[in-house]
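Trainee: I'm passing along protein32.cif; it holds mmCIF, C-alpha atoms and all ligand atoms.
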data_data
#
loop_
_atom_site.label_atom_id
_atom_site.label_comp_id
_atom_site.auth_asym_id
_atom_site.auth_seq_id
_atom_site.Cartn_x
_atom_site.Cartn_y
_atom_site.Cartn_z
CA MET A 1 0.00 0.00 0.00
CA THR A 2 1.20 3.53 -0.76
CA VAL A 3 0.71 6.68 1.28
CA GLN A 4 -1.62 7.92 -1.47
CA GLU A 5 -3.81 4.83 -1.00
CA LEU A 6 -3.70 5.01 2.79
CA ILE A 7 -5.20 8.53 2.85
CA PRO A 8 -8.76 7.63 1.72
CA SER A 9 -8.61 4.28 3.45
CA MET A 10 -8.02 5.95 6.86
CA GLU A 11 -9.82 9.20 5.92
CA LEU A 12 -6.71 11.18 6.73
CA THR A 13 -6.27 14.94 6.55
CA VAL A 14 -3.43 15.97 4.25
CA PHE A 15 -1.17 18.70 5.66
CA HIS A 16 1.63 18.05 3.21
CA LEU A 17 2.00 15.28 0.66
CA ALA A 18 5.48 15.25 -0.84
CA GLN A 19 5.93 11.60 -1.79
CA PRO A 20 2.52 10.03 -2.46
CA GLU A 21 3.98 6.86 -3.94
CA ARG A 22 6.00 5.90 -0.87
CA PRO A 23 5.16 2.40 0.36
CA VAL A 24 3.68 1.95 3.85
CA ALA A 25 5.24 -1.15 5.36
CA GLY A 26 3.94 -1.02 8.94
CA GLY A 27 3.25 1.34 11.79
CA TYR A 28 4.66 2.75 14.99
CA ALA A 29 3.02 4.87 17.69
CA GLY A 30 5.10 7.01 20.06
CA ASP A 31 6.02 10.52 21.10
CA LEU A 32 9.50 10.24 22.61
CA LEU A 33 11.73 10.93 19.64
CA SER A 34 14.63 8.62 20.47
CA TRP A 35 12.18 5.76 21.13
CA VAL A 36 10.74 6.33 17.68
CA ILE A 37 14.23 6.29 16.16
CA SER A 38 14.96 3.09 18.04
CA ARG A 39 11.78 1.21 17.17
CA ALA A 40 10.10 2.57 14.04
CA GLY A 41 11.09 0.51 11.03
CA GLN A 42 11.83 1.90 7.62
CA ASP A 43 8.65 2.92 5.71
CA CYS A 44 6.45 2.82 8.83
CA ALA A 45 3.52 5.16 9.23
CA TRP A 46 4.34 7.03 12.46
CA LEU A 47 1.45 7.95 14.76
CA THR A 48 2.20 10.78 17.20
CA ILE A 49 0.71 13.74 19.03
CA MET A 50 3.98 15.69 18.89
CA SER A 51 3.54 18.65 16.57
CA ASN A 52 6.85 20.53 16.75
CA GLN A 53 9.31 20.64 13.88
CA ASN A 54 11.75 18.11 15.30
CA VAL A 55 9.17 15.53 14.27
CA ALA A 56 9.96 16.24 10.60
CA ALA A 57 13.69 15.76 11.17
CA VAL A 58 13.10 12.44 12.94
CA ALA A 59 10.79 11.27 10.16
CA LEU A 60 13.49 12.10 7.64
CA MET A 61 16.28 10.36 9.57
CA ALA A 62 14.26 7.24 10.37
CA ASP A 63 12.90 6.99 6.81
CA VAL A 64 9.29 6.60 7.91
CA SER A 65 6.79 6.82 5.05
CA CYS A 66 4.53 9.39 6.71
CA ILE A 67 3.74 11.17 9.96
CA ILE A 68 0.12 10.86 11.13
CA LEU A 69 -0.80 13.41 13.81
CA THR A 70 -3.54 11.82 15.90
CA GLU A 71 -6.20 13.21 18.29
CA GLY A 72 -6.93 16.09 15.90
CA VAL A 73 -3.55 17.66 16.66
CA GLN A 74 -2.60 20.40 14.19
CA PRO A 75 1.02 20.82 13.08
CA ASP A 76 2.65 24.03 14.26
CA ALA A 77 3.80 26.43 11.53
CA ASP A 78 7.44 25.33 11.79
CA LEU A 79 6.57 21.65 11.43
CA LEU A 80 4.59 22.43 8.29
CA ARG A 81 7.44 24.49 6.87
CA ARG A 82 10.03 21.85 7.67
CA SER A 83 7.91 19.06 6.21
CA ARG A 84 7.78 21.06 2.97
CA GLU A 85 11.51 21.70 3.03
CA LYS A 86 12.35 18.06 3.73
CA ALA A 87 9.70 16.50 1.48
CA VAL A 88 8.13 14.67 4.44
CA ASN A 89 4.55 13.35 4.20
CA LEU A 90 2.52 14.98 6.99
CA LEU A 91 -1.02 13.70 7.60
CA GLY A 92 -3.58 13.87 10.39
CA THR A 93 -6.64 12.24 11.91
CA SER A 94 -9.17 13.18 14.58
CA LEU A 95 -9.04 9.60 15.92
CA ASP A 96 -7.19 8.87 19.15
CA THR A 97 -3.88 7.05 18.76
CA PHE A 98 -5.27 3.60 19.63
CA SER A 99 -8.17 3.84 17.20
CA ALA A 100 -5.89 5.23 14.49
CA ALA A 101 -3.50 2.31 15.00
CA CYS A 102 -6.43 -0.13 14.65
CA ARG A 103 -7.53 1.58 11.44
CA LEU A 104 -3.97 1.44 10.12
CA GLY A 105 -3.71 -2.24 10.99
CA LYS A 106 -6.95 -2.95 9.09
CA ALA A 107 -5.81 -0.91 6.10
CA LEU A 108 -2.55 -2.83 5.92
CA ALA A 109 -4.10 -6.27 6.50
CA MET B 1 37.08 6.05 -4.43
CA GLU B 2 39.05 8.65 -2.53
CA THR B 3 38.03 9.43 1.02
CA ILE B 4 35.47 12.23 1.10
CA ARG B 5 35.61 14.59 4.07
CA LEU B 6 32.61 16.58 5.19
CA VAL B 7 32.48 19.07 8.06
CA TYR B 8 29.31 20.42 9.65
CA PRO B 9 29.23 23.04 12.41
CA VAL B 10 26.47 22.48 14.97
CA GLU B 11 25.10 25.46 16.86
CA GLY B 12 24.34 25.10 20.53
CA GLY B 13 21.03 25.78 22.22
CA ASP B 14 19.01 26.02 19.02
CA LEU B 15 16.65 23.07 19.40
CA ILE B 16 14.34 24.50 16.78
CA GLU B 17 16.70 24.21 13.82
CA ALA B 18 18.52 21.17 15.25
CA GLY B 19 18.95 18.37 12.76
CA GLU B 20 20.12 20.53 9.86
CA ALA B 21 23.65 19.08 9.82
CA SER B 22 22.25 15.54 9.73
CA SER B 23 19.78 16.46 6.99
CA LYS B 24 22.58 17.90 4.88
CA MET B 25 24.78 14.86 5.41
CA LYS B 26 21.93 12.56 4.46
CA LEU B 27 21.42 14.41 1.17
CA THR B 28 25.14 14.17 0.38
CA LEU B 29 25.25 10.43 1.15
CA LYS B 30 22.26 9.94 -1.17
CA LYS B 31 24.05 11.80 -3.95
CA LEU B 32 27.05 9.53 -3.46
CA GLY B 33 24.75 6.60 -4.19
CA LEU B 34 25.43 4.66 -0.97
CA PRO B 35 23.10 1.79 0.03
CA GLN B 36 19.86 2.98 1.64
CA ASP B 37 20.37 1.04 4.87
CA VAL B 38 23.86 2.51 5.30
CA ILE B 39 22.50 6.02 4.76
CA ARG B 40 19.69 5.42 7.25
CA ARG B 41 22.00 4.12 9.96
CA ALA B 42 24.56 6.90 9.44
CA SER B 43 21.84 9.58 9.47
CA ILE B 44 20.32 8.25 12.69
CA CYS B 45 23.72 8.18 14.44
CA MET B 46 24.57 11.65 13.24
CA TYR B 47 21.16 13.01 14.29
CA GLU B 48 21.39 11.60 17.83
CA GLY B 49 24.93 12.98 18.14
CA GLU B 50 23.91 16.34 16.75
CA ILE B 51 20.97 16.65 19.14
CA ASN B 52 23.20 15.69 22.07
CA MET B 53 25.69 18.40 21.15
CA VAL B 54 22.86 20.95 20.96
CA ILE B 55 21.18 19.93 24.23
CA HIS B 56 24.09 18.87 26.41
CA ALA B 57 27.20 20.62 25.05
CA ASP B 58 26.23 23.99 23.55
CA GLY B 59 27.13 22.84 20.05
CA GLY B 60 30.24 21.54 18.37
CA GLN B 61 31.30 20.10 15.08
CA ALA B 62 30.57 16.95 13.11
CA GLU B 63 33.30 15.52 10.90
CA VAL B 64 32.31 12.84 8.44
CA GLU B 65 34.64 10.67 6.39
CA VAL B 66 33.23 8.52 3.65
CA GLU B 67 35.76 5.83 2.83
CA MET B 68 35.62 2.89 0.44
CA ASP B 69 34.30 0.46 3.02
CA GLN B 70 32.99 2.59 5.90
CA ILE B 71 31.62 5.92 7.07
CA VAL B 72 33.29 7.46 10.09
CA ILE B 73 31.38 10.18 11.96
CA ARG B 74 33.06 12.19 14.72
CA MET B 75 30.89 14.45 16.87
CA ILE B 76 33.30 16.82 18.63
CA ASP B 77 32.33 19.30 21.34
CA SER B 78 33.95 21.38 24.06
CA GLY B 79 31.02 20.95 26.43
CA PRO B 80 30.89 19.77 30.04
CA GLY B 81 31.96 16.18 29.30
CA ILE B 82 30.27 13.01 30.57
CA PRO B 83 31.23 12.07 34.16
CA ASP B 84 30.02 8.45 33.97
CA VAL B 85 29.98 7.03 30.46
CA GLU B 86 28.60 3.65 31.50
CA GLN B 87 25.63 5.33 33.15
CA ALA B 88 25.10 7.64 30.15
CA MET B 89 24.99 4.60 27.86
CA GLN B 90 22.12 3.04 29.82
CA GLU B 91 18.70 3.17 28.18
CA GLY B 92 16.54 5.67 30.04
CA TYR B 93 19.32 7.69 31.67
CA SER B 94 18.98 11.37 30.85
CA THR B 95 19.93 14.72 32.30
CA ALA B 96 17.88 16.63 29.69
CA GLY B 97 15.98 19.63 31.03
CA SER B 98 12.30 20.43 30.74
CA THR B 99 12.55 22.43 27.48
CA ALA B 100 14.15 19.48 25.68
CA ARG B 101 11.66 17.05 27.20
CA GLU B 102 8.67 19.10 26.10
CA LEU B 103 9.90 18.74 22.52
CA GLY B 104 10.16 14.94 22.81
CA PHE B 105 13.83 14.59 23.71
CA GLY B 106 15.20 13.17 26.96
CA ALA B 107 14.18 9.52 26.70
CA GLY B 108 17.77 8.55 27.39
CA MET B 109 17.88 6.54 24.19
CA GLY B 110 20.18 8.64 21.99
CA LEU B 111 23.55 7.09 22.87
CA PRO B 112 22.07 3.54 22.93
CA ASN B 113 20.62 4.25 19.47
CA MET B 114 24.04 5.31 18.17
CA LYS B 115 25.48 2.05 19.48
CA ARG B 116 22.66 0.01 18.00
CA TYR B 117 22.76 1.54 14.52
CA SER B 118 26.57 1.69 14.15
CA ASP B 119 29.13 -1.08 13.77
CA GLU B 120 31.54 0.54 16.22
CA MET B 121 31.21 3.37 18.71
CA THR B 122 33.69 5.06 21.02
CA ILE B 123 33.26 7.92 23.48
CA ASP B 124 36.25 10.05 24.49
CA THR B 125 35.26 12.48 27.18
CA GLU B 126 36.77 14.59 29.92
CA VAL B 127 34.75 16.52 32.45
CA GLY B 128 35.17 20.25 31.86
CA LYS B 129 36.91 19.71 28.51
CA GLY B 130 34.47 18.10 26.13
CA THR B 131 33.33 14.97 24.39
CA THR B 132 34.04 13.23 21.11
CA VAL B 133 31.71 10.47 20.05
CA THR B 134 32.92 8.44 17.08
CA VAL B 135 30.77 5.97 15.18
CA LYS B 136 31.72 3.76 12.24
CA ILE B 137 29.24 2.30 9.79
CA LYS B 138 30.48 -0.39 7.44
CA ILE B 139 29.58 -0.24 3.77
CA PRO B 140 28.88 -3.77 2.52
CA GLN B 141 30.92 -4.41 -0.65
N1 LIG C 201 27.89 15.50 24.02
C1 LIG C 201 27.55 15.35 25.30
N2 LIG C 201 28.07 16.18 26.24
C2 LIG C 201 27.75 16.03 27.56
N3 LIG C 201 26.88 15.12 28.01
C3 LIG C 201 26.31 14.28 27.11
C4 LIG C 201 26.61 14.35 25.72
N4 LIG C 201 25.91 13.38 25.09
C5 LIG C 201 25.22 12.73 26.04
N5 LIG C 201 25.45 13.27 27.27
C6 LIG C 201 24.91 12.79 28.57
O1 LIG C 201 24.48 11.45 28.42
C7 LIG C 201 23.08 11.34 28.74
C8 LIG C 201 22.44 10.26 27.87
O2 LIG C 201 22.44 10.68 26.49
P1 LIG C 201 21.34 10.11 25.49
O3 LIG C 201 21.54 10.72 24.18
O4 LIG C 201 21.37 8.63 25.56
O5 LIG C 201 19.97 10.59 26.15
P2 LIG C 201 19.32 12.06 26.15
O6 LIG C 201 20.02 12.93 25.17
O7 LIG C 201 19.27 12.54 27.54
O8 LIG C 201 17.84 11.75 25.64
P3 LIG C 201 17.40 11.31 24.15
O9 LIG C 201 18.65 11.13 23.34
O10 LIG C 201 16.64 10.04 24.29
O11 LIG C 201 16.56 12.43 23.63
C9 LIG C 201 22.53 12.73 28.53
O12 LIG C 201 21.34 12.96 29.25
C10 LIG C 201 23.71 13.59 29.03
O13 LIG C 201 23.72 13.62 30.44
MG MG C 202 20.33 12.27 23.22
#
Once more with this new file: its structure as structure tokens, please.

Mentor:
Amino acid sequence: MTVQELIPSMELTVFHLAQPERPVAGGYAGDLLSWVISRAGQDCAWLTIMSNQNVAAVALMADVSCIILTEGVQPDADLLRRSREKAVNLLGTSLDTFSAACRLGKALA
Amino acid sequence: METIRLVYPVEGGDLIEAGEASSKMKLTLKKLGLPQDVIRRASICMYEGEINMVIHADGGQAEVEVEMDQIVIRMIDSGPGIPDVEQAMQEGYSTAGSTARELGFGAGMGLPNMKRYSDEMTIDTEVGKGTTVTVKIKIPQ
């Protein structure tokens, strides 16, 4: 499944879509950045409520396929800018993190 | 291939723009056509080292050498040094302050991540003088 295909399937909000054709190979949920770096696999969809711009840098370093801000969290202006600069896919959902993870699991099944 | 040397200054205190040196290095490694897994592991090590220099050492310098068969990254700072390296290497140990923690740092996983994603890691440190963290990532031939 690609990020482009995941968007309708999870009814995600698009904040910035730089690489629609990136594959989504799994998921990871977490907010502590070094935990994410430790555990998120390449091409994961990363579920988080962190909305500051360091999130874009971590997504880039860890090669996740997209960031999904859960709980209706909006990206701050710097995160949006940095996602554009770094060509990072930045998406959102009003679902809580658990429900979003369930939806993601279903979409990938 | 001749050894390629890259140098990146890292500014201290600026947690907002932190990660720029790592981003730049990642782009350069991509242009060099290195394997994706090697780039990912090098970028992660560099990022953790860069963030540590910003949070704990008021900045420093990253020196990267891309050789035939490995990438060597040295993160050099003149910060406070690490009094107990063994303790610092433990997962969960952190002296990060509240500002860093609010941004998602301070899990005490940065140094363990550098160890995990590199093939070799050494820490040279002296309290009051500074710290140099060196990681090596092998390039499979
Ligand atoms: N360059 C450095 N200079 C001085 N102290 C350092 C340096 N790097 C790490 N440390 C010390 O080692 C501790 C552990 O570092 P580590 O990167 O593992 O965790 P952290 O930076 O506190 O949190 P995280 O990396 O998970 O965001 C730090 O809290 C700090 O006390
Ligand atoms: Mg750290």

Trainee: Residues within 6 Å of ligand LIG 201 (chain C) (all atoms listed in the file), as a list in words?

Mentor: Ser34 of chain A; Asn52, Met53, His56, Ala57, Gly79, Pro80, Gly81, Ile82, Ala88, Met89, Tyr93, Ser94, Thr95, Ala96, Phe105, Gly106, Ala107, Gly108, Met109, Gly110, Leu111, Pro112 and Thr131 of chain B

Trainee: Figure out the distance between atom CA of Ser23 of chain B and atom CA of Asp58 of chain B, please, to one decimal in Å.

Mentor: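 For atom CA of Asp58 of chain B relative to atom CA of Ser23 of chain B, the distance reads 19.3 Å.
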
Trainee: Using only C-alpha atoms and all ligand atoms, which of the listed residues (A:Gln74, A:Ser65, A:Thr48, A:Ser38) sits closest to ligand MG 202 (chain C)?

Mentor: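 Result for the nearest residue to ligand MG 202 (chain C): A:Ser38.
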
Trainee: Record the distance separating atom CA of Glu11 of chain B and atom CA of Ile55 of chain B, expressed in Å with one decimal.

Mentor: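 If I compute the distance from atom CA of Glu11 of chain B to atom CA of Ile55 of chain B, I get 10.0 Å.
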
Trainee: Near segment 14-16 of chain A, within 6 Å and counting all atoms listed in the file, which residues show up once chain neighbours fewer than 2 positions away are dropped, as a ChimeraX atom specification?

Mentor: /A:89-91

Trainee: Using all atoms listed in the file, find the residues of chain B whose closest atom to chain A is at most 12 Å away, then write them as a ChimeraX atom specification.

Mentor: /B:14-27,36-52,91-92,94,100-117

Trainee: Provide the atom CA of Ile137 of chain B to atom CA of Met1 of chain B distance in Å, to one decimal place.

Mentor: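 About the pair atom CA of Ile137 of chain B and atom CA of Met1 of chain B: they are 16.7 Å apart.
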
Trainee: Save segment 81-95 of chain B of the structure in the block above to a file, with all heavy atoms included, as a short mmCIF file (atom, residue, chain, number, x, y, z; two decimals), in the first residue's frame.

Mentor:
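Contents of result.cif, freshly written:
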data_model
loop_
_atom_site.label_atom_id
_atom_site.label_comp_id
_atom_site.auth_asym_id
_atom_site.auth_seq_id
_atom_site.Cartn_x
_atom_site.Cartn_y
_atom_site.Cartn_z
N GLY B 81 31.46 17.55 29.16
CA GLY B 81 31.96 16.18 29.30
C GLY B 81 30.93 15.28 29.97
O GLY B 81 29.92 15.76 30.50
N ILE B 82 31.19 13.98 29.96
CA ILE B 82 30.27 13.01 30.57
C ILE B 82 30.99 12.34 31.74
O ILE B 82 31.97 11.63 31.55
CB ILE B 82 29.84 11.94 29.53
CG1 ILE B 82 29.21 12.62 28.31
CG2 ILE B 82 28.88 10.94 30.17
CD1 ILE B 82 28.86 11.66 27.17
N PRO B 83 30.53 12.59 32.98
CA PRO B 83 31.23 12.07 34.16
C PRO B 83 31.23 10.53 34.23
O PRO B 83 32.22 9.94 34.64
CB PRO B 83 30.46 12.66 35.35
CG PRO B 83 29.42 13.55 34.79
CD PRO B 83 29.39 13.45 33.31
N ASP B 84 30.12 9.90 33.86
CA ASP B 84 30.02 8.45 33.97
C ASP B 84 29.46 7.88 32.66
O ASP B 84 28.26 7.86 32.44
CB ASP B 84 29.11 8.09 35.15
CG ASP B 84 29.06 6.59 35.40
OD1 ASP B 84 29.42 5.80 34.49
OD2 ASP B 84 28.66 6.19 36.51
N VAL B 85 30.38 7.46 31.81
CA VAL B 85 29.98 7.03 30.46
C VAL B 85 29.09 5.79 30.50
O VAL B 85 28.11 5.68 29.76
CB VAL B 85 31.22 6.76 29.58
CG1 VAL B 85 30.84 6.13 28.25
CG2 VAL B 85 31.98 8.06 29.32
N GLU B 86 29.39 4.88 31.40
CA GLU B 86 28.60 3.65 31.50
C GLU B 86 27.14 3.97 31.82
O GLU B 86 26.22 3.43 31.24
CB GLU B 86 29.20 2.76 32.59
CG GLU B 86 28.92 1.28 32.36
CD GLU B 86 29.52 0.45 33.48
OE1 GLU B 86 30.74 0.59 33.73
OE2 GLU B 86 28.77 -0.30 34.11
N GLN B 87 26.97 4.90 32.77
CA GLN B 87 25.63 5.33 33.15
C GLN B 87 24.93 6.03 31.98
O GLN B 87 23.77 5.78 31.69
CB GLN B 87 25.76 6.29 34.34
CG GLN B 87 24.44 6.75 34.92
CD GLN B 87 24.66 7.75 36.06
OE1 GLN B 87 25.52 8.63 35.96
NE2 GLN B 87 23.93 7.59 37.14
N ALA B 88 25.68 6.90 31.27
CA ALA B 88 25.10 7.64 30.15
C ALA B 88 24.64 6.69 29.03
O ALA B 88 23.69 6.97 28.31
CB ALA B 88 26.12 8.64 29.60
N MET B 89 25.32 5.56 28.91
CA MET B 89 24.99 4.60 27.86
C MET B 89 23.76 3.77 28.19
O MET B 89 23.22 3.07 27.33
CB MET B 89 26.18 3.64 27.61
CG MET B 89 27.31 4.23 26.79
SD MET B 89 26.80 4.74 25.15
CE MET B 89 26.25 3.18 24.46
N GLN B 90 23.29 3.83 29.45
CA GLN B 90 22.12 3.04 29.82
C GLN B 90 20.84 3.61 29.22
O GLN B 90 20.63 4.82 29.26
CB GLN B 90 21.98 3.00 31.35
CG GLN B 90 22.86 1.95 31.99
CD GLN B 90 22.90 2.09 33.50
OE1 GLN B 90 22.03 2.71 34.09
NE2 GLN B 90 23.94 1.54 34.10
N GLU B 91 20.00 2.73 28.71
CA GLU B 91 18.70 3.17 28.18
C GLU B 91 17.91 3.82 29.31
O GLU B 91 17.78 3.26 30.39
CB GLU B 91 17.91 1.97 27.63
CG GLU B 91 18.51 1.41 26.36
CD GLU B 91 17.55 0.46 25.63
OE1 GLU B 91 16.43 0.25 26.12
OE2 GLU B 91 17.96 -0.06 24.58
N GLY B 92 17.38 5.01 29.05
CA GLY B 92 16.54 5.67 30.04
C GLY B 92 17.26 6.69 30.88
O GLY B 92 16.63 7.52 31.54
N TYR B 93 18.61 6.69 30.88
CA TYR B 93 19.32 7.69 31.67
C TYR B 93 19.42 9.00 30.90
O TYR B 93 19.89 9.02 29.77
CB TYR B 93 20.73 7.22 32.05
CG TYR B 93 21.49 8.30 32.81
CD1 TYR B 93 21.26 8.49 34.17
CD2 TYR B 93 22.37 9.16 32.15
CE1 TYR B 93 21.92 9.50 34.86
CE2 TYR B 93 23.03 10.17 32.84
CZ TYR B 93 22.80 10.33 34.20
OH TYR B 93 23.43 11.35 34.88
N SER B 94 18.95 10.07 31.52
CA SER B 94 18.98 11.37 30.85
C SER B 94 19.09 12.50 31.85
O SER B 94 18.48 12.47 32.91
CB SER B 94 17.71 11.56 30.02
OG SER B 94 17.68 12.85 29.48
N THR B 95 19.87 13.51 31.49
CA THR B 95 19.93 14.72 32.30
C THR B 95 19.25 15.89 31.56
O THR B 95 19.42 17.04 31.94
CB THR B 95 21.39 15.11 32.62
OG1 THR B 95 22.08 15.34 31.39
CG2 THR B 95 22.09 14.03 33.41
#
